[in-house]
Amino acid sequence: MSDDRRSGDQQVTVRRAVEEDDAALLAIERSAWDATSGFPSYQDTLQDTFFSRSGPEAHLVAEHEGAVVGYLRLQDKYPFPEGSGVLTINGLAVAHDARRLGVASALLDAATAEGRLRRARKISLHVHSTNAPARRLYERHGYVIEGTHPNEFLIEGNYIAALDMAKML
C-alpha cells in the first residue's frame, strides 16, 4: 500500500508500518497528545516501545521528506464474527512540525482505501468533544457523529464528552 498526497511542492506518503518505525512512532506518541486530544495519564503508561499495544500490522505510517511524521492505528472493532466489517481508528497522531501538511488527511484517505480493500462496511472512531480541529477533519472526510457520551472523562478538572463518529464505506 502506498498513497501519495502532495501539499504544494511537498509530498506525504502513506505506507504500512514496519518494526524499524518503532522509535520514530514512540517519539510522536510522546509529544502529540494533550488534554484536548487525549488523556494526560496516558503518557505515564508509555513503555519503551510503540508497538507494545499493537504491532506494526495495525498501523499506517505517513512520511514526509523521508521522515516518519504520523500514524493511524486501524483495527477490527469487534473480536467476534457478527461485528466483522467494522473497523476502528484507535489513534491518529501527527508530529508537531508536520502539522498543516495534509498528513492526517493522507492517513484518513489511506484508512478508507484499506477499509475498502478489507471489504469493511464502516470505520468508526472516538474523539473528545473538546478536540474541534480533529472533529472538523473527520467531518471533511465523511465521518458523522453517531453518539455522544456526556461527562465521560474528567480531564484537568473539566468533564469532557466523548463522541462516537463513523463513516460508511
# chains A, B, ... in the order shown; residues from 1 in each chain; ligands from 1
>>> residues_around(residues="Ala58 in chain A", least_positions_apart="2", cutoff="6 Å", atoms="only C-alpha atoms", output="PDB file with N, CA, C and O atoms, in the first residue's frame")
ATOM      1  N   GLY A  55       0.879  -4.394  17.122  1.00  0.00           N
ATOM      2  CA  GLY A  55       2.037  -4.497  16.246  1.00  0.00           C
ATOM      3  C   GLY A  55       1.967  -3.625  15.015  1.00  0.00           C
ATOM      4  O   GLY A  55       0.968  -2.934  14.768  1.00  0.00           O
ATOM      5  N   PRO A  56       3.028  -3.658  14.223  1.00  0.00           N
ATOM      6  CA  PRO A  56       3.094  -2.841  13.008  1.00  0.00           C
ATOM      7  C   PRO A  56       1.926  -3.082  12.052  1.00  0.00           C
ATOM      8  O   PRO A  56       1.491  -2.156  11.365  1.00  0.00           O
ATOM      9  N   ARG A  73      -3.749   4.080  13.678  1.00  0.00           N
ATOM     10  CA  ARG A  73      -3.931   2.687  14.109  1.00  0.00           C
ATOM     11  C   ARG A  73      -5.327   2.256  13.668  1.00  0.00           C
ATOM     12  O   ARG A  73      -6.325   2.819  14.115  1.00  0.00           O
ATOM     13  N   LEU A  74      -5.409   1.272  12.776  1.00  0.00           N
ATOM     14  CA  LEU A  74      -6.668   0.782  12.217  1.00  0.00           C
ATOM     15  C   LEU A  74      -6.819  -0.683  12.569  1.00  0.00           C
ATOM     16  O   LEU A  74      -5.978  -1.505  12.182  1.00  0.00           O
ATOM     17  N   GLN A  75      -7.884  -1.004  13.292  1.00  0.00           N
ATOM     18  CA  GLN A  75      -8.075  -2.366  13.773  1.00  0.00           C
ATOM     19  C   GLN A  75      -9.530  -2.801  13.608  1.00  0.00           C
ATOM     20  O   GLN A  75     -10.429  -1.958  13.469  1.00  0.00           O
TER      21      GLN A  75
END
>>> residues_around(residues="Asn151 in chain A", least_positions_apart="4", cutoff="12 Å", atoms="only C-alpha atoms", output="ChimeraX atom specification")
/A:128-130,155,157-163
>>> write_last_selection(atoms="C-alpha atoms", output="compact mmCIF listing (two decimals), in the first residue's frame")
# COMPACT_ATOMS: atom_id res chain seq x y z
CA HIS A 128 -13.04 14.25 22.63
CA SER A 129 -15.75 16.87 22.21
CA THR A 130 -13.10 19.49 23.02
CA ILE A 155 -9.57 15.87 32.43
CA GLY A 157 -10.84 19.40 36.35
CA ASN A 158 -13.31 19.51 33.45
CA TYR A 159 -15.85 16.95 32.36
CA ILE A 160 -15.39 16.10 28.69
CA ALA A 161 -17.89 14.41 26.41
CA ALA A 162 -16.73 11.58 24.18
CA LEU A 163 -18.08 11.48 20.65
>>> residues_around(residues="range 140-144 of chain A", least_positions_apart="4", cutoff="7 Å", atoms="only C-alpha atoms", output="number ranges by chain")
A: 136, 165-167
>>> select_by_dssp(residues="range 115-158 of chain A", states="alpha helix (DSSP H)", output="JSON, numbers by chain")
{"A": [115, 116, 117, 132, 133, 134, 135, 136, 137, 138, 139, 140]}
>>> closest_residue(among="A:Arg16, A:His64, A:Lys77, A:His96", to="Ser31 in chain A", atoms="only C-alpha atoms")
A:His96
>>> select_by_dssp(residues="range 14-146 of chain A", states="strand (DSSP E)", output="mmCIF file with all heavy atoms, in the first residue's frame")
data_model
loop_
_atom_site.group_PDB
_atom_site.id
_atom_site.type_symbol
_atom_site.label_atom_id
_atom_site.label_comp_id
_atom_site.auth_asym_id
_atom_site.auth_seq_id
_atom_site.Cartn_x
_atom_site.Cartn_y
_atom_site.Cartn_z
ATOM 1 N N VAL A 14 2.013 7.493 2.430
ATOM 2 C CA VAL A 14 1.491 6.603 3.465
ATOM 3 C C VAL A 14 1.817 5.167 3.094
ATOM 4 O O VAL A 14 1.669 4.764 1.941
ATOM 5 C CB VAL A 14 -0.035 6.786 3.632
ATOM 6 C CG1 VAL A 14 -0.593 5.787 4.650
ATOM 7 C CG2 VAL A 14 -0.366 8.212 4.054
ATOM 8 N N ARG A 15 2.273 4.424 4.080
ATOM 9 C CA ARG A 15 2.626 3.013 3.891
ATOM 10 C C ARG A 15 2.299 2.262 5.167
ATOM 11 O O ARG A 15 1.970 2.855 6.188
ATOM 12 C CB ARG A 15 4.108 2.885 3.558
ATOM 13 C CG ARG A 15 5.006 3.422 4.663
ATOM 14 C CD ARG A 15 6.462 3.079 4.452
ATOM 15 N NE ARG A 15 7.330 3.734 5.402
ATOM 16 C CZ ARG A 15 7.522 3.354 6.659
ATOM 17 N NH1 ARG A 15 6.864 2.327 7.150
ATOM 18 N NH2 ARG A 15 8.353 4.005 7.452
ATOM 19 N N ARG A 16 2.422 0.959 5.097
ATOM 20 C CA ARG A 16 2.250 0.131 6.288
ATOM 21 C C ARG A 16 3.473 0.294 7.201
ATOM 22 O O ARG A 16 4.591 0.459 6.722
ATOM 23 C CB ARG A 16 2.094 -1.331 5.907
ATOM 24 C CG ARG A 16 0.831 -1.599 5.142
ATOM 25 C CD ARG A 16 0.630 -3.092 4.915
ATOM 26 N NE ARG A 16 -0.433 -3.317 3.966
ATOM 27 C CZ ARG A 16 -1.724 -3.227 4.248
ATOM 28 N NH1 ARG A 16 -2.094 -2.907 5.456
ATOM 29 N NH2 ARG A 16 -2.641 -3.452 3.327
ATOM 30 N N HIS A 59 -0.913 -0.552 11.870
ATOM 31 C CA HIS A 59 -0.598 0.866 11.697
ATOM 32 C C HIS A 59 -0.292 1.250 10.252
ATOM 33 O O HIS A 59 0.420 0.546 9.555
ATOM 34 C CB HIS A 59 0.619 1.231 12.561
ATOM 35 C CG HIS A 59 0.352 1.061 14.013
ATOM 36 N ND1 HIS A 59 0.501 -0.154 14.648
ATOM 37 C CD2 HIS A 59 -0.084 1.922 14.944
ATOM 38 C CE1 HIS A 59 0.172 -0.011 15.923
ATOM 39 N NE2 HIS A 59 -0.184 1.240 16.124
ATOM 40 N N LEU A 60 -0.811 2.406 9.894
ATOM 41 C CA LEU A 60 -0.414 3.084 8.669
ATOM 42 C C LEU A 60 0.495 4.224 9.099
ATOM 43 O O LEU A 60 0.235 4.890 10.110
ATOM 44 C CB LEU A 60 -1.639 3.636 7.931
ATOM 45 C CG LEU A 60 -2.687 2.600 7.520
ATOM 46 C CD1 LEU A 60 -3.918 3.294 6.948
ATOM 47 C CD2 LEU A 60 -2.096 1.625 6.520
ATOM 48 N N VAL A 61 1.564 4.440 8.358
ATOM 49 C CA VAL A 61 2.569 5.442 8.700
ATOM 50 C C VAL A 61 2.666 6.467 7.585
ATOM 51 O O VAL A 61 2.682 6.107 6.402
ATOM 52 C CB VAL A 61 3.942 4.754 8.916
ATOM 53 C CG1 VAL A 61 5.058 5.764 9.034
ATOM 54 C CG2 VAL A 61 3.894 3.868 10.147
ATOM 55 N N ALA A 62 2.747 7.734 7.964
ATOM 56 C CA ALA A 62 2.939 8.811 6.997
ATOM 57 C C ALA A 62 4.388 9.268 7.045
ATOM 58 O O ALA A 62 4.972 9.415 8.124
ATOM 59 C CB ALA A 62 2.011 9.979 7.308
ATOM 60 N N GLU A 63 4.942 9.501 5.858
ATOM 61 C CA GLU A 63 6.306 10.030 5.739
ATOM 62 C C GLU A 63 6.262 11.328 4.953
ATOM 63 O O GLU A 63 5.455 11.491 4.029
ATOM 64 C CB GLU A 63 7.211 9.051 5.001
ATOM 65 C CG GLU A 63 7.534 7.802 5.776
ATOM 66 C CD GLU A 63 8.524 6.914 5.036
ATOM 67 O OE1 GLU A 63 8.470 6.853 3.795
ATOM 68 O OE2 GLU A 63 9.347 6.280 5.714
ATOM 69 N N HIS A 64 7.149 12.231 5.321
ATOM 70 C CA HIS A 64 7.325 13.486 4.606
ATOM 71 C C HIS A 64 8.820 13.760 4.555
ATOM 72 O O HIS A 64 9.495 13.736 5.592
ATOM 73 C CB HIS A 64 6.583 14.617 5.333
ATOM 74 C CG HIS A 64 6.758 15.943 4.687
ATOM 75 N ND1 HIS A 64 7.622 16.888 5.171
ATOM 76 C CD2 HIS A 64 6.185 16.470 3.588
ATOM 77 C CE1 HIS A 64 7.561 17.956 4.400
ATOM 78 N NE2 HIS A 64 6.695 17.722 3.435
ATOM 79 N N ALA A 67 11.029 11.316 6.440
ATOM 80 C CA ALA A 67 10.886 11.137 7.887
ATOM 81 C C ALA A 67 9.471 10.663 8.225
ATOM 82 O O ALA A 67 8.500 11.085 7.601
ATOM 83 C CB ALA A 67 11.164 12.451 8.614
ATOM 84 N N VAL A 68 9.361 9.809 9.232
ATOM 85 C CA VAL A 68 8.061 9.377 9.733
ATOM 86 C C VAL A 68 7.455 10.553 10.495
ATOM 87 O O VAL A 68 8.065 11.083 11.421
ATOM 88 C CB VAL A 68 8.199 8.146 10.650
ATOM 89 C CG1 VAL A 68 6.884 7.815 11.325
ATOM 90 C CG2 VAL A 68 8.711 6.955 9.851
ATOM 91 N N VAL A 69 6.253 10.971 10.081
ATOM 92 C CA VAL A 69 5.638 12.165 10.669
ATOM 93 C C VAL A 69 4.240 11.916 11.242
ATOM 94 O O VAL A 69 3.626 12.833 11.784
ATOM 95 C CB VAL A 69 5.587 13.328 9.656
ATOM 96 C CG1 VAL A 69 6.991 13.802 9.301
ATOM 97 C CG2 VAL A 69 4.806 12.937 8.408
ATOM 98 N N GLY A 70 3.733 10.692 11.125
ATOM 99 C CA GLY A 70 2.417 10.430 11.681
ATOM 100 C C GLY A 70 2.036 8.978 11.536
ATOM 101 O O GLY A 70 2.686 8.211 10.823
ATOM 102 N N TYR A 71 0.971 8.609 12.233
ATOM 103 C CA TYR A 71 0.466 7.247 12.156
ATOM 104 C C TYR A 71 -1.036 7.236 12.359
ATOM 105 O O TYR A 71 -1.627 8.173 12.912
ATOM 106 C CB TYR A 71 1.136 6.340 13.193
ATOM 107 C CG TYR A 71 0.597 6.538 14.598
ATOM 108 C CD1 TYR A 71 -0.541 5.846 15.035
ATOM 109 C CD2 TYR A 71 1.199 7.428 15.467
ATOM 110 C CE1 TYR A 71 -1.057 6.050 16.300
ATOM 111 C CE2 TYR A 71 0.692 7.630 16.730
ATOM 112 C CZ TYR A 71 -0.434 6.949 17.144
ATOM 113 O OH TYR A 71 -0.949 7.158 18.401
ATOM 114 N N LEU A 72 -1.636 6.157 11.928
ATOM 115 C CA LEU A 72 -3.041 5.857 12.181
ATOM 116 C C LEU A 72 -3.122 4.380 12.534
ATOM 117 O O LEU A 72 -2.581 3.545 11.807
ATOM 118 C CB LEU A 72 -3.888 6.172 10.939
ATOM 119 C CG LEU A 72 -5.389 5.975 11.061
ATOM 120 C CD1 LEU A 72 -6.112 7.028 10.216
ATOM 121 C CD2 LEU A 72 -5.807 4.593 10.636
ATOM 122 N N ARG A 73 -3.749 4.080 13.678
ATOM 123 C CA ARG A 73 -3.931 2.687 14.109
ATOM 124 C C ARG A 73 -5.327 2.256 13.668
ATOM 125 O O ARG A 73 -6.325 2.819 14.115
ATOM 126 C CB ARG A 73 -3.783 2.579 15.626
ATOM 127 C CG ARG A 73 -3.859 1.159 16.163
ATOM 128 C CD ARG A 73 -3.668 1.098 17.683
ATOM 129 N NE ARG A 73 -2.351 1.585 18.072
ATOM 130 C CZ ARG A 73 -2.143 2.699 18.792
ATOM 131 N NH1 ARG A 73 -3.139 3.439 19.194
ATOM 132 N NH2 ARG A 73 -0.909 3.060 19.096
ATOM 133 N N LEU A 74 -5.409 1.272 12.776
ATOM 134 C CA LEU A 74 -6.668 0.782 12.217
ATOM 135 C C LEU A 74 -6.819 -0.683 12.569
ATOM 136 O O LEU A 74 -5.978 -1.505 12.182
ATOM 137 C CB LEU A 74 -6.671 0.972 10.696
ATOM 138 C CG LEU A 74 -7.953 0.622 9.968
ATOM 139 C CD1 LEU A 74 -9.091 1.576 10.370
ATOM 140 C CD2 LEU A 74 -7.727 0.680 8.456
ATOM 141 N N GLN A 75 -7.884 -1.004 13.292
ATOM 142 C CA GLN A 75 -8.075 -2.366 13.773
ATOM 143 C C GLN A 75 -9.530 -2.801 13.608
ATOM 144 O O GLN A 75 -10.429 -1.958 13.469
ATOM 145 C CB GLN A 75 -7.691 -2.447 15.255
ATOM 146 C CG GLN A 75 -6.235 -2.097 15.492
ATOM 147 C CD GLN A 75 -5.904 -1.989 16.960
ATOM 148 O OE1 GLN A 75 -6.426 -1.134 17.661
ATOM 149 N NE2 GLN A 75 -5.032 -2.873 17.430
ATOM 150 N N ASP A 76 -9.746 -4.106 13.676
ATOM 151 C CA ASP A 76 -11.112 -4.609 13.753
ATOM 152 C C ASP A 76 -11.709 -4.079 15.055
ATOM 153 O O ASP A 76 -11.061 -4.119 16.100
ATOM 154 C CB ASP A 76 -11.137 -6.138 13.772
ATOM 155 C CG ASP A 76 -10.733 -6.743 12.435
ATOM 156 O OD1 ASP A 76 -11.000 -6.123 11.386
ATOM 157 O OD2 ASP A 76 -10.145 -7.842 12.447
ATOM 158 N N VAL A 86 -16.518 -3.992 10.524
ATOM 159 C CA VAL A 86 -16.452 -2.690 11.185
ATOM 160 C C VAL A 86 -15.024 -2.518 11.702
ATOM 161 O O VAL A 86 -14.549 -3.301 12.517
ATOM 162 C CB VAL A 86 -17.455 -2.561 12.344
ATOM 163 C CG1 VAL A 86 -17.342 -1.180 13.000
ATOM 164 C CG2 VAL A 86 -18.878 -2.796 11.853
ATOM 165 N N LEU A 87 -14.356 -1.516 11.191
ATOM 166 C CA LEU A 87 -13.001 -1.186 11.634
ATOM 167 C C LEU A 87 -13.069 0.020 12.553
ATOM 168 O O LEU A 87 -14.043 0.777 12.528
ATOM 169 C CB LEU A 87 -12.112 -0.875 10.427
ATOM 170 C CG LEU A 87 -11.982 -1.980 9.380
ATOM 171 C CD1 LEU A 87 -11.139 -1.505 8.212
ATOM 172 C CD2 LEU A 87 -11.393 -3.239 10.001
ATOM 173 N N THR A 88 -12.035 0.215 13.335
ATOM 174 C CA THR A 88 -11.985 1.387 14.197
ATOM 175 C C THR A 88 -10.592 2.013 14.153
ATOM 176 O O THR A 88 -9.589 1.303 14.046
ATOM 177 C CB THR A 88 -12.394 1.041 15.647
ATOM 178 O OG1 THR A 88 -12.512 2.239 16.405
ATOM 179 C CG2 THR A 88 -11.421 0.098 16.305
ATOM 180 N N ILE A 89 -10.580 3.311 14.209
ATOM 181 C CA ILE A 89 -9.324 4.056 14.305
ATOM 182 C C ILE A 89 -9.062 4.246 15.788
ATOM 183 O O ILE A 89 -9.799 4.944 16.476
ATOM 184 C CB ILE A 89 -9.426 5.409 13.571
ATOM 185 C CG1 ILE A 89 -9.607 5.169 12.077
ATOM 186 C CG2 ILE A 89 -8.195 6.270 13.862
ATOM 187 C CD1 ILE A 89 -9.911 6.427 11.269
ATOM 188 N N ASN A 90 -8.022 3.579 16.276
ATOM 189 C CA ASN A 90 -7.659 3.636 17.696
ATOM 190 C C ASN A 90 -6.447 4.518 17.911
ATOM 191 O O ASN A 90 -5.583 4.198 18.706
ATOM 192 C CB ASN A 90 -7.384 2.221 18.224
ATOM 193 C CG ASN A 90 -8.646 1.450 18.466
ATOM 194 O OD1 ASN A 90 -9.654 2.019 18.873
ATOM 195 N ND2 ASN A 90 -8.621 0.159 18.202
ATOM 196 N N GLY A 91 -6.373 5.589 17.193
ATOM 197 C CA GLY A 91 -5.286 6.540 17.346
ATOM 198 C C GLY A 91 -4.842 7.100 16.016
ATOM 199 O O GLY A 91 -4.712 6.367 15.032
ATOM 200 N N LEU A 92 -4.683 8.400 15.983
ATOM 201 C CA LEU A 92 -4.138 9.104 14.830
ATOM 202 C C LEU A 92 -3.331 10.255 15.403
ATOM 203 O O LEU A 92 -3.859 11.040 16.186
ATOM 204 C CB LEU A 92 -5.276 9.637 13.946
ATOM 205 C CG LEU A 92 -4.877 10.238 12.600
ATOM 206 C CD1 LEU A 92 -6.095 10.296 11.679
ATOM 207 C CD2 LEU A 92 -4.235 11.579 12.674
ATOM 208 N N ALA A 93 -2.065 10.313 15.071
ATOM 209 C CA ALA A 93 -1.207 11.378 15.603
ATOM 210 C C ALA A 93 -0.253 11.853 14.521
ATOM 211 O O ALA A 93 0.202 11.069 13.689
ATOM 212 C CB ALA A 93 -0.423 10.883 16.815
ATOM 213 N N VAL A 94 0.037 13.152 14.568
ATOM 214 C CA VAL A 94 0.946 13.788 13.616
ATOM 215 C C VAL A 94 1.985 14.576 14.410
ATOM 216 O O VAL A 94 1.640 15.279 15.373
ATOM 217 C CB VAL A 94 0.173 14.727 12.659
ATOM 218 C CG1 VAL A 94 1.127 15.474 11.727
ATOM 219 C CG2 VAL A 94 -0.866 13.947 11.862
ATOM 220 N N LYS A 122 -17.755 -0.102 7.412
ATOM 221 C CA LYS A 122 -17.791 1.068 8.281
ATOM 222 C C LYS A 122 -16.449 1.235 8.978
ATOM 223 O O LYS A 122 -15.795 0.249 9.320
ATOM 224 C CB LYS A 122 -18.901 0.848 9.317
ATOM 225 C CG LYS A 122 -19.120 1.925 10.316
ATOM 226 C CD LYS A 122 -20.296 1.508 11.212
ATOM 227 C CE LYS A 122 -20.622 2.558 12.221
ATOM 228 N NZ LYS A 122 -21.779 2.163 13.050
ATOM 229 N N ILE A 123 -16.069 2.490 9.209
ATOM 230 C CA ILE A 123 -14.911 2.812 10.048
ATOM 231 C C ILE A 123 -15.407 3.742 11.142
ATOM 232 O O ILE A 123 -16.059 4.752 10.860
ATOM 233 C CB ILE A 123 -13.773 3.486 9.261
ATOM 234 C CG1 ILE A 123 -13.269 2.578 8.140
ATOM 235 C CG2 ILE A 123 -12.630 3.863 10.204
ATOM 236 C CD1 ILE A 123 -12.222 3.218 7.249
ATOM 237 N N SER A 124 -15.108 3.408 12.373
ATOM 238 C CA SER A 124 -15.544 4.228 13.499
ATOM 239 C C SER A 124 -14.333 4.792 14.239
ATOM 240 O O SER A 124 -13.201 4.359 14.039
ATOM 241 C CB SER A 124 -16.414 3.404 14.452
ATOM 242 O OG SER A 124 -15.631 2.424 15.102
ATOM 243 N N LEU A 125 -14.599 5.762 15.095
ATOM 244 C CA LEU A 125 -13.554 6.356 15.932
ATOM 245 C C LEU A 125 -14.207 7.071 17.101
ATOM 246 O O LEU A 125 -15.412 7.316 17.105
ATOM 247 C CB LEU A 125 -12.662 7.301 15.120
ATOM 248 C CG LEU A 125 -13.332 8.483 14.412
ATOM 249 C CD1 LEU A 125 -13.475 9.690 15.332
ATOM 250 C CD2 LEU A 125 -12.536 8.873 13.190
ATOM 251 N N HIS A 126 -13.392 7.401 18.087
ATOM 252 C CA HIS A 126 -13.811 8.218 19.228
ATOM 253 C C HIS A 126 -12.979 9.493 19.204
ATOM 254 O O HIS A 126 -11.799 9.456 18.857
ATOM 255 C CB HIS A 126 -13.572 7.508 20.556
ATOM 256 C CG HIS A 126 -14.304 6.222 20.692
ATOM 257 N ND1 HIS A 126 -15.656 6.137 20.902
ATOM 258 C CD2 HIS A 126 -13.863 4.946 20.640
ATOM 259 C CE1 HIS A 126 -16.020 4.869 20.979
ATOM 260 N NE2 HIS A 126 -14.944 4.130 20.810
ATOM 261 N N VAL A 127 -13.595 10.582 19.596
ATOM 262 C CA VAL A 127 -12.882 11.851 19.677
ATOM 263 C C VAL A 127 -13.443 12.639 20.860
ATOM 264 O O VAL A 127 -14.637 12.553 21.159
ATOM 265 C CB VAL A 127 -12.983 12.645 18.345
ATOM 266 C CG1 VAL A 127 -14.416 13.040 18.037
ATOM 267 C CG2 VAL A 127 -12.067 13.866 18.342
ATOM 268 N N HIS A 128 -12.578 13.377 21.539
ATOM 269 C CA HIS A 128 -13.042 14.248 22.629
ATOM 270 C C HIS A 128 -13.854 15.391 22.022
ATOM 271 O O HIS A 128 -13.463 15.966 20.991
ATOM 272 C CB HIS A 128 -11.863 14.852 23.390
ATOM 273 C CG HIS A 128 -11.117 13.895 24.250
ATOM 274 N ND1 HIS A 128 -11.469 12.588 24.447
ATOM 275 C CD2 HIS A 128 -10.005 14.087 25.002
ATOM 276 C CE1 HIS A 128 -10.626 12.012 25.273
ATOM 277 N NE2 HIS A 128 -9.711 12.899 25.615
ATOM 278 N N VAL A 144 -19.479 11.125 10.553
ATOM 279 C CA VAL A 144 -20.600 11.798 11.209
ATOM 280 C C VAL A 144 -20.679 11.322 12.657
ATOM 281 O O VAL A 144 -20.244 10.221 12.994
ATOM 282 C CB VAL A 144 -21.944 11.524 10.492
ATOM 283 C CG1 VAL A 144 -21.925 12.092 9.077
ATOM 284 C CG2 VAL A 144 -22.278 10.049 10.479
ATOM 285 N N ILE A 145 -21.258 12.164 13.500
ATOM 286 C CA ILE A 145 -21.431 11.798 14.906
ATOM 287 C C ILE A 145 -22.557 10.782 15.011
ATOM 288 O O ILE A 145 -23.663 10.999 14.530
ATOM 289 C CB ILE A 145 -21.728 13.043 15.768
ATOM 290 C CG1 ILE A 145 -20.516 13.973 15.762
ATOM 291 C CG2 ILE A 145 -22.098 12.629 17.196
ATOM 292 C CD1 ILE A 145 -20.735 15.291 16.468
ATOM 293 N N GLU A 146 -22.241 9.669 15.623
ATOM 294 C CA GLU A 146 -23.241 8.624 15.856
ATOM 295 C C GLU A 146 -23.708 8.589 17.305
ATOM 296 O O GLU A 146 -24.770 8.052 17.598
ATOM 297 C CB GLU A 146 -22.675 7.245 15.499
ATOM 298 C CG GLU A 146 -22.487 7.033 14.030
ATOM 299 C CD GLU A 146 -22.189 5.591 13.703
ATOM 300 O OE1 GLU A 146 -21.524 4.897 14.504
ATOM 301 O OE2 GLU A 146 -22.617 5.151 12.627
#
>>> residues_around(residues="range 47-53 of chain A", least_positions_apart="5", cutoff="10 Å", atoms="only C-alpha atoms", output="mmCIF file with C-alpha atoms, in the first residue's frame")
data_model
loop_
_atom_site.group_PDB
_atom_site.id
_atom_site.type_symbol
_atom_site.label_atom_id
_atom_site.label_comp_id
_atom_site.auth_asym_id
_atom_site.auth_seq_id
_atom_site.Cartn_x
_atom_site.Cartn_y
_atom_site.Cartn_z
ATOM 1 C CA VAL A 18 7.411 -1.848 9.985
ATOM 2 C CA GLU A 19 9.318 -2.685 13.186
ATOM 3 C CA ASP A 21 9.423 2.661 12.702
ATOM 4 C CA ASP A 22 9.206 1.988 16.434
ATOM 5 C CA ALA A 23 11.453 4.793 17.743
ATOM 6 C CA ALA A 24 10.011 7.466 15.435
ATOM 7 C CA LEU A 25 6.435 6.486 16.282
ATOM 8 C CA LEU A 26 7.181 6.430 20.006
ATOM 9 C CA ALA A 27 8.589 9.967 19.757
ATOM 10 C CA ILE A 28 5.401 11.134 18.013
ATOM 11 C CA GLU A 29 3.258 9.342 20.611
ATOM 12 C CA ARG A 30 5.127 11.049 23.457
ATOM 13 C CA ALA A 58 -2.264 -2.387 12.759
ATOM 14 C CA HIS A 59 -0.598 0.866 11.697
#
>>> atom_distance(atom1="CA of Arg119 in chain A", atom2="CA of Leu101 in chain A")
29.1 Å
